[in-house]
Amino acid sequence: MKNILKLAVALASLTAAGTQIAAAAPGDTLKAVQGRGYVNCTSSDGNFEGFAEVDAQGKWHGLDIDYCRAVATAIFGSDDKLKLIPVSWAQRFPALQSGDLDLVIKASGWLMSRDTELGLQFSMPYFIGVTTFLAHKDLNAKSMADLQGGTVCLAGGTSTEKLISDYIKEKKYDVKIVTFEKNTEAAAAYFANRCDSYAEWGPIVAATRATSADPDNHVILSDSISLEPEAVVMRQGDDSWVDLVNWVIAVQRIAEENGVNSTNVDQMKANPPNTVVGKLLGATPGIGTRLGLKDDWAYNVIQKLGNAEEMYNRNFGTESRYKLPRALNSPWNKGGVFFAPVLD
């Protein structure tokens, strides 16, 4: 009988512990952000087409900026509680580690070296791209193999620099890399004929060519290097903060899968078509307490920023000046690679 009682006590203790785990408390980063009253997130030290651009009025736009706004909206119900801090590519991770930033959303690739050696933690990817090259048409180059003895301009201190350097060594190409502090400087140098080619991530190369003074005089080479997943970067050691950011990304995908968008979100909340939408929009309680937020946090994100498709179209697709096909960045049921975890 004593053994049975001991087992009952042990099970009761485990149940209590499980309850504490299920009702996750806010992590240190969320507590700090809530105490401060705003989120510190990255902007850029120059325009990075589609991801972070500043307009004539000094207002930031772009997919990365929208994800910063989404995190602030999830926490505070408004993106007014967001401080965008311009940082260079080289300074983004030191600024995160020093506590000057709460998260880095700056087209940053999920690399093993960054994940294991820099004390960083990554969210699920929010964008997929392939690194490639742009070249002057009059060089008659089809690939980098045709640019022996030439040069390539790119932004230094980036995953692109590492990828291109490794690619040139592997292929034994006689091509010199010329680096610049900013991507815009690298592109400007290329268009000023200081380099034979310009290397960047695929969507940036396509956008740079499409918006250049004479797009027909530039060709995208056939080399496609490393499909790179871009993710939000956070400090190692605060799993609750990582959970929050992952679910900010996830709810916009869940919204798209269920036909919820910024236009119909009020109607969907008032009359949810299924149990998932009811939970997603807070009509059924529970989605907030799991993350230390209010139950309407996902509703606020979708109402102010839209679902995943709206985010893409606004910054890269049909509503942008780039008109880039969504392709791999579509959800799995529309020919892409993205999916959302299950909202149960």
# chains A, B, ... in the order shown; residues from 1 in each chain; ligands from 1
>>> select_by_dssp(residues="range 174-305 of chain A", states="strand (DSSP E or B)", output="PyMOL selection string")
chain A and resi 176-180+197-201+218-220+225-230+233-235
>>> residues_around(residues="range 168-184 of chain A", least_positions_apart="3", cutoff="7 Å", atoms="only C-alpha atoms", output="list in words")
Gly46, Asn47, Phe48, Ala145, Gln148, Gly149, Gly150, Thr151, Val152, Cys153, Leu154, Ala155, Gly156, Ile164, Ser165, Ala187 and Ala188 of chain A
>>> residues_around(residues="range 74-88 of chain A", least_positions_apart="6", cutoff="7 Å", atoms="only C-alpha atoms", output="list of chain:residue names")
A:Gly37, A:Tyr38, A:Val39, A:Asn40, A:Cys41, A:Thr42, A:Ser43, A:Ser44, A:Asp45, A:Leu293, A:Trp297, A:Ala298, A:Asn300, A:Val301
>>> write_last_selection(atoms="C-alpha atoms", output="PDB file, in the first residue's frame")
ATOM      1  CA  GLY A  37       7.389  48.979 -24.042  1.00  0.00           C
ATOM      2  CA  TYR A  38       8.699  48.325 -27.561  1.00  0.00           C
ATOM      3  CA  VAL A  39      10.584  45.821 -29.715  1.00  0.00           C
ATOM      4  CA  ASN A  40      14.099  46.526 -30.978  1.00  0.00           C
ATOM      5  CA  CYS A  41      14.359  45.046 -34.478  1.00  0.00           C
ATOM      6  CA  THR A  42      16.676  45.493 -37.456  1.00  0.00           C
ATOM      7  CA  SER A  43      16.243  47.774 -40.391  1.00  0.00           C
ATOM      8  CA  SER A  44      19.082  48.180 -42.866  1.00  0.00           C
ATOM      9  CA  ASP A  45      22.008  50.460 -43.584  1.00  0.00           C
ATOM     10  CA  LEU A 293       0.140  37.028 -24.956  1.00  0.00           C
ATOM     11  CA  TRP A 297      -2.646  38.530 -30.876  1.00  0.00           C
ATOM     12  CA  ALA A 298      -2.920  36.475 -34.085  1.00  0.00           C
ATOM     13  CA  ASN A 300      -4.203  41.628 -34.690  1.00  0.00           C
ATOM     14  CA  VAL A 301      -1.273  40.382 -36.809  1.00  0.00           C
TER      15      VAL A 301
END
>>> closest_residue(among="A:Glu256, A:Glu228, A:Asp239, A:Asp296", to="Gly129 in chain A", atoms="only C-alpha atoms")
A:Glu228
>>> atom_distance(atom1="CA of Leu328 in chain A", atom2="CA of Ala107 in chain A")
16.0 Å
>>> residues_around(residues="range 204-214 of chain A", least_positions_apart="6", cutoff="10 Å", atoms="only C-alpha atoms", output="ChimeraX atom specification")
/A:48-51,129-135,183-184,187-188,191,198,220,316,321-324
>>> write_last_selection(atoms="N, CA and C atoms", output="PDB file, in the first residue's frame")
ATOM      1  N   PHE A  48      17.564  47.166 -49.442  1.00  0.00           N
ATOM      2  CA  PHE A  48      17.749  45.775 -49.846  1.00  0.00           C
ATOM      3  C   PHE A  48      16.408  45.355 -50.449  1.00  0.00           C
ATOM      4  N   GLU A  49      16.335  45.456 -51.776  1.00  0.00           N
ATOM      5  CA  GLU A  49      15.068  45.425 -52.498  1.00  0.00           C
ATOM      6  C   GLU A  49      14.105  44.334 -52.013  1.00  0.00           C
ATOM      7  N   GLY A  50      12.912  44.768 -51.682  1.00  0.00           N
ATOM      8  CA  GLY A  50      11.863  43.839 -51.276  1.00  0.00           C
ATOM      9  C   GLY A  50      11.899  43.465 -49.806  1.00  0.00           C
ATOM     10  N   PHE A  51      13.061  43.533 -49.177  1.00  0.00           N
ATOM     11  CA  PHE A  51      13.191  43.123 -47.780  1.00  0.00           C
ATOM     12  C   PHE A  51      13.214  44.317 -46.826  1.00  0.00           C
ATOM     13  N   GLY A 129      15.498  31.340 -51.158  1.00  0.00           N
ATOM     14  CA  GLY A 129      16.065  31.914 -52.370  1.00  0.00           C
ATOM     15  C   GLY A 129      17.320  31.180 -52.788  1.00  0.00           C
ATOM     16  N   VAL A 130      17.696  31.352 -54.043  1.00  0.00           N
ATOM     17  CA  VAL A 130      18.902  30.728 -54.590  1.00  0.00           C
ATOM     18  C   VAL A 130      19.858  31.830 -55.012  1.00  0.00           C
ATOM     19  N   THR A 131      21.108  31.718 -54.618  1.00  0.00           N
ATOM     20  CA  THR A 131      22.107  32.729 -54.977  1.00  0.00           C
ATOM     21  C   THR A 131      22.521  32.576 -56.441  1.00  0.00           C
ATOM     22  N   THR A 132      22.637  33.704 -57.134  1.00  0.00           N
ATOM     23  CA  THR A 132      23.001  33.647 -58.547  1.00  0.00           C
ATOM     24  C   THR A 132      23.744  34.923 -58.963  1.00  0.00           C
ATOM     25  N   PHE A 133      23.984  35.079 -60.250  1.00  0.00           N
ATOM     26  CA  PHE A 133      24.824  36.178 -60.767  1.00  0.00           C
ATOM     27  C   PHE A 133      24.091  36.966 -61.848  1.00  0.00           C
ATOM     28  N   LEU A 134      24.420  38.257 -61.902  1.00  0.00           N
ATOM     29  CA  LEU A 134      23.998  39.127 -62.996  1.00  0.00           C
ATOM     30  C   LEU A 134      25.260  39.538 -63.747  1.00  0.00           C
ATOM     31  N   ALA A 135      25.192  39.594 -65.082  1.00  0.00           N
ATOM     32  CA  ALA A 135      26.383  39.968 -65.872  1.00  0.00           C
ATOM     33  C   ALA A 135      25.983  40.889 -67.008  1.00  0.00           C
ATOM     34  N   ASN A 183      24.922  46.238 -49.984  1.00  0.00           N
ATOM     35  CA  ASN A 183      24.513  45.616 -51.235  1.00  0.00           C
ATOM     36  C   ASN A 183      24.270  46.670 -52.315  1.00  0.00           C
ATOM     37  N   THR A 184      23.686  47.806 -51.934  1.00  0.00           N
ATOM     38  CA  THR A 184      23.416  48.860 -52.917  1.00  0.00           C
ATOM     39  C   THR A 184      24.712  49.398 -53.517  1.00  0.00           C
ATOM     40  N   ALA A 187      25.893  46.784 -56.090  1.00  0.00           N
ATOM     41  CA  ALA A 187      25.111  46.870 -57.325  1.00  0.00           C
ATOM     42  C   ALA A 187      25.502  48.109 -58.134  1.00  0.00           C
ATOM     43  N   ALA A 188      25.683  49.229 -57.423  1.00  0.00           N
ATOM     44  CA  ALA A 188      26.058  50.469 -58.109  1.00  0.00           C
ATOM     45  C   ALA A 188      27.421  50.318 -58.790  1.00  0.00           C
ATOM     46  N   PHE A 191      26.910  48.276 -61.990  1.00  0.00           N
ATOM     47  CA  PHE A 191      26.289  49.060 -63.065  1.00  0.00           C
ATOM     48  C   PHE A 191      27.216  50.155 -63.583  1.00  0.00           C
ATOM     49  N   TYR A 198      27.677  40.675 -60.833  1.00  0.00           N
ATOM     50  CA  TYR A 198      27.165  41.055 -59.519  1.00  0.00           C
ATOM     51  C   TYR A 198      26.479  39.826 -58.933  1.00  0.00           C
ATOM     52  N   ILE A 220      20.905  37.218 -66.315  1.00  0.00           N
ATOM     53  CA  ILE A 220      21.113  36.373 -65.135  1.00  0.00           C
ATOM     54  C   ILE A 220      21.770  35.080 -65.603  1.00  0.00           C
ATOM     55  N   PHE A 316       6.981  41.661 -52.876  1.00  0.00           N
ATOM     56  CA  PHE A 316       7.671  41.102 -54.045  1.00  0.00           C
ATOM     57  C   PHE A 316       6.755  40.827 -55.229  1.00  0.00           C
ATOM     58  N   ARG A 321       6.558  46.640 -57.199  1.00  0.00           N
ATOM     59  CA  ARG A 321       7.118  47.037 -58.495  1.00  0.00           C
ATOM     60  C   ARG A 321       7.956  45.930 -59.110  1.00  0.00           C
ATOM     61  N   TYR A 322       8.225  44.858 -58.339  1.00  0.00           N
ATOM     62  CA  TYR A 322       9.090  43.784 -58.839  1.00  0.00           C
ATOM     63  C   TYR A 322       8.327  42.710 -59.601  1.00  0.00           C
ATOM     64  N   LYS A 323       7.100  42.429 -59.178  1.00  0.00           N
ATOM     65  CA  LYS A 323       6.247  41.436 -59.848  1.00  0.00           C
ATOM     66  C   LYS A 323       6.939  40.080 -59.944  1.00  0.00           C
ATOM     67  N   LEU A 324       7.612  39.649 -58.884  1.00  0.00           N
ATOM     68  CA  LEU A 324       8.327  38.376 -58.914  1.00  0.00           C
ATOM     69  C   LEU A 324       7.378  37.230 -58.578  1.00  0.00           C
TER      70      LEU A 324
END
>>> residues_around(residues="range 337-343 of chain A", least_positions_apart="4", cutoff="6 Å", atoms="only C-alpha atoms", output="list in words")
Ala250, Arg253, Leu328, Pro331 and Trp332 of chain A
>>> write_last_selection(atoms="all heavy atoms", output="short mmCIF file (atom, residue, chain, number, x, y, z; two decimals), in the first residue's frame")
data_model
loop_
_atom_site.label_atom_id
_atom_site.label_comp_id
_atom_site.auth_asym_id
_atom_site.auth_seq_id
_atom_site.Cartn_x
_atom_site.Cartn_y
_atom_site.Cartn_z
N ALA A 250 3.92 31.32 -38.27
CA ALA A 250 2.98 30.22 -38.56
C ALA A 250 1.55 30.71 -38.74
O ALA A 250 0.84 30.22 -39.63
CB ALA A 250 3.05 29.19 -37.43
N ARG A 253 0.61 31.74 -42.19
CA ARG A 253 0.45 30.61 -43.12
C ARG A 253 -0.87 29.88 -42.86
O ARG A 253 -1.55 29.46 -43.79
CB ARG A 253 1.64 29.65 -42.97
CG ARG A 253 2.95 30.28 -43.40
CD ARG A 253 4.12 29.35 -43.20
NE ARG A 253 5.37 30.05 -43.48
CZ ARG A 253 6.57 29.57 -43.25
NH1 ARG A 253 6.69 28.35 -42.73
NH2 ARG A 253 7.65 30.27 -43.53
N LEU A 328 8.89 28.99 -55.11
CA LEU A 328 9.18 28.16 -53.93
C LEU A 328 8.59 28.73 -52.66
O LEU A 328 8.37 28.00 -51.68
CB LEU A 328 10.70 28.02 -53.75
CG LEU A 328 11.44 27.13 -54.74
CD1 LEU A 328 12.94 27.23 -54.50
CD2 LEU A 328 10.98 25.68 -54.61
N PRO A 331 2.89 28.14 -50.49
CA PRO A 331 2.65 27.00 -49.59
C PRO A 331 2.69 25.69 -50.35
O PRO A 331 2.61 25.66 -51.58
CB PRO A 331 1.26 27.31 -49.03
CG PRO A 331 0.62 28.20 -50.03
CD PRO A 331 1.72 29.01 -50.64
N TRP A 332 2.80 24.60 -49.61
CA TRP A 332 2.96 23.27 -50.20
C TRP A 332 1.82 22.92 -51.17
O TRP A 332 2.05 22.23 -52.17
CB TRP A 332 3.02 22.22 -49.09
CG TRP A 332 1.75 22.11 -48.28
CD1 TRP A 332 1.40 22.88 -47.20
CD2 TRP A 332 0.64 21.24 -48.53
NE1 TRP A 332 0.15 22.53 -46.75
CE2 TRP A 332 -0.33 21.52 -47.54
CE3 TRP A 332 0.39 20.24 -49.47
CZ2 TRP A 332 -1.55 20.85 -47.48
CZ3 TRP A 332 -0.82 19.56 -49.41
CH2 TRP A 332 -1.77 19.87 -48.43
#
>>> closest_residue(among="A:Val276, A:Ala56, A:Val251, A:Met112", to="Ala70 in chain A", atoms="only C-alpha atoms")
A:Val251
>>> residues_around(residues="range 117-120 of chain A", least_positions_apart="6", cutoff="9 Å", atoms="only C-alpha atoms", output="short mmCIF file (atom, residue, chain, number, x, y, z; two decimals) with all heavy atoms, in the first residue's frame")
data_model
loop_
_atom_site.label_atom_id
_atom_site.label_comp_id
_atom_site.auth_asym_id
_atom_site.auth_seq_id
_atom_site.Cartn_x
_atom_site.Cartn_y
_atom_site.Cartn_z
N PHE A 93 24.76 40.61 -35.88
CA PHE A 93 24.84 39.58 -34.83
C PHE A 93 25.50 40.12 -33.54
O PHE A 93 25.01 39.82 -32.45
CB PHE A 93 25.56 38.34 -35.34
CG PHE A 93 24.87 37.70 -36.52
CD1 PHE A 93 25.59 37.16 -37.57
CD2 PHE A 93 23.48 37.65 -36.57
CE1 PHE A 93 24.94 36.59 -38.65
CE2 PHE A 93 22.82 37.07 -37.66
CZ PHE A 93 23.56 36.54 -38.71
N LEU A 96 22.86 41.96 -31.75
CA LEU A 96 21.91 41.04 -31.10
C LEU A 96 22.51 40.49 -29.81
O LEU A 96 21.84 40.46 -28.76
CB LEU A 96 21.57 39.90 -32.06
CG LEU A 96 20.64 38.81 -31.53
CD1 LEU A 96 19.24 39.36 -31.28
CD2 LEU A 96 20.58 37.63 -32.51
N GLN A 97 23.76 40.06 -29.87
CA GLN A 97 24.41 39.48 -28.70
C GLN A 97 24.57 40.49 -27.57
O GLN A 97 24.51 40.12 -26.39
CB GLN A 97 25.78 38.90 -29.09
CG GLN A 97 25.72 37.72 -30.03
CD GLN A 97 25.16 36.47 -29.39
OE1 GLN A 97 24.38 36.53 -28.46
NE2 GLN A 97 25.56 35.31 -29.88
N VAL A 233 16.67 35.61 -36.55
CA VAL A 233 17.78 35.20 -35.69
C VAL A 233 17.58 35.77 -34.29
O VAL A 233 17.25 36.96 -34.14
CB VAL A 233 19.13 35.69 -36.25
CG1 VAL A 233 20.28 35.03 -35.50
CG2 VAL A 233 19.22 35.41 -37.74
N MET A 234 17.78 34.91 -33.28
CA MET A 234 17.63 35.31 -31.88
C MET A 234 18.80 34.80 -31.07
O MET A 234 19.56 33.96 -31.54
CB MET A 234 16.32 34.75 -31.32
CG MET A 234 15.08 35.38 -31.96
SD MET A 234 13.64 34.28 -31.94
CE MET A 234 14.00 33.20 -33.32
N ARG A 235 18.94 35.30 -29.86
CA ARG A 235 19.99 34.81 -28.97
C ARG A 235 19.65 33.39 -28.50
O ARG A 235 18.49 33.07 -28.28
CB ARG A 235 20.15 35.72 -27.75
CG ARG A 235 20.79 37.06 -28.05
CD ARG A 235 20.92 37.90 -26.77
NE ARG A 235 19.62 38.30 -26.27
CZ ARG A 235 18.95 39.39 -26.70
NH1 ARG A 235 19.47 40.15 -27.63
NH2 ARG A 235 17.77 39.68 -26.19
N GLN A 236 20.69 32.58 -28.33
CA GLN A 236 20.50 31.24 -27.80
C GLN A 236 20.02 31.31 -26.35
O GLN A 236 20.45 32.17 -25.58
CB GLN A 236 21.83 30.48 -27.85
CG GLN A 236 21.72 28.99 -27.62
CD GLN A 236 21.54 28.22 -28.91
OE1 GLN A 236 22.13 28.58 -29.91
NE2 GLN A 236 20.73 27.19 -28.87
N GLY A 237 19.12 30.39 -25.97
CA GLY A 237 18.80 30.25 -24.56
C GLY A 237 17.45 30.77 -24.11
O GLY A 237 17.15 30.70 -22.92
#
>>> select_by_dssp(residues="range 109-341 of chain A", states="helix (DSSP H, G or I)", output="VMD selection string")
chain A and resid 112 to 117 137 to 139 144 to 146 159 to 171 183 to 191 202 to 210 215 to 217 239 to 257 265 to 270 275 to 280 289 to 291 297 to 305 308 to 315 327 to 329 332 to 334
>>> residues_around(residues="range 281-289 of chain A", least_positions_apart="3", cutoff="9 Å", atoms="only C-alpha atoms", output="list in words")
Ala23, Ala24, Ala25, Val265, Asp266, Met268, Lys269, Ala270, Asn271, Pro272, Thr275, Val276, Val277, Gly278, Gly292, Leu293, Lys294, Asp295, Asp296, Trp297, Ala298, Tyr299, Asn300, Ile302 and Leu343 of chain A
>>> atom_distance(atom1="CA of Gly306 in chain A", atom2="CA of Ser262 in chain A")
4.6 Å
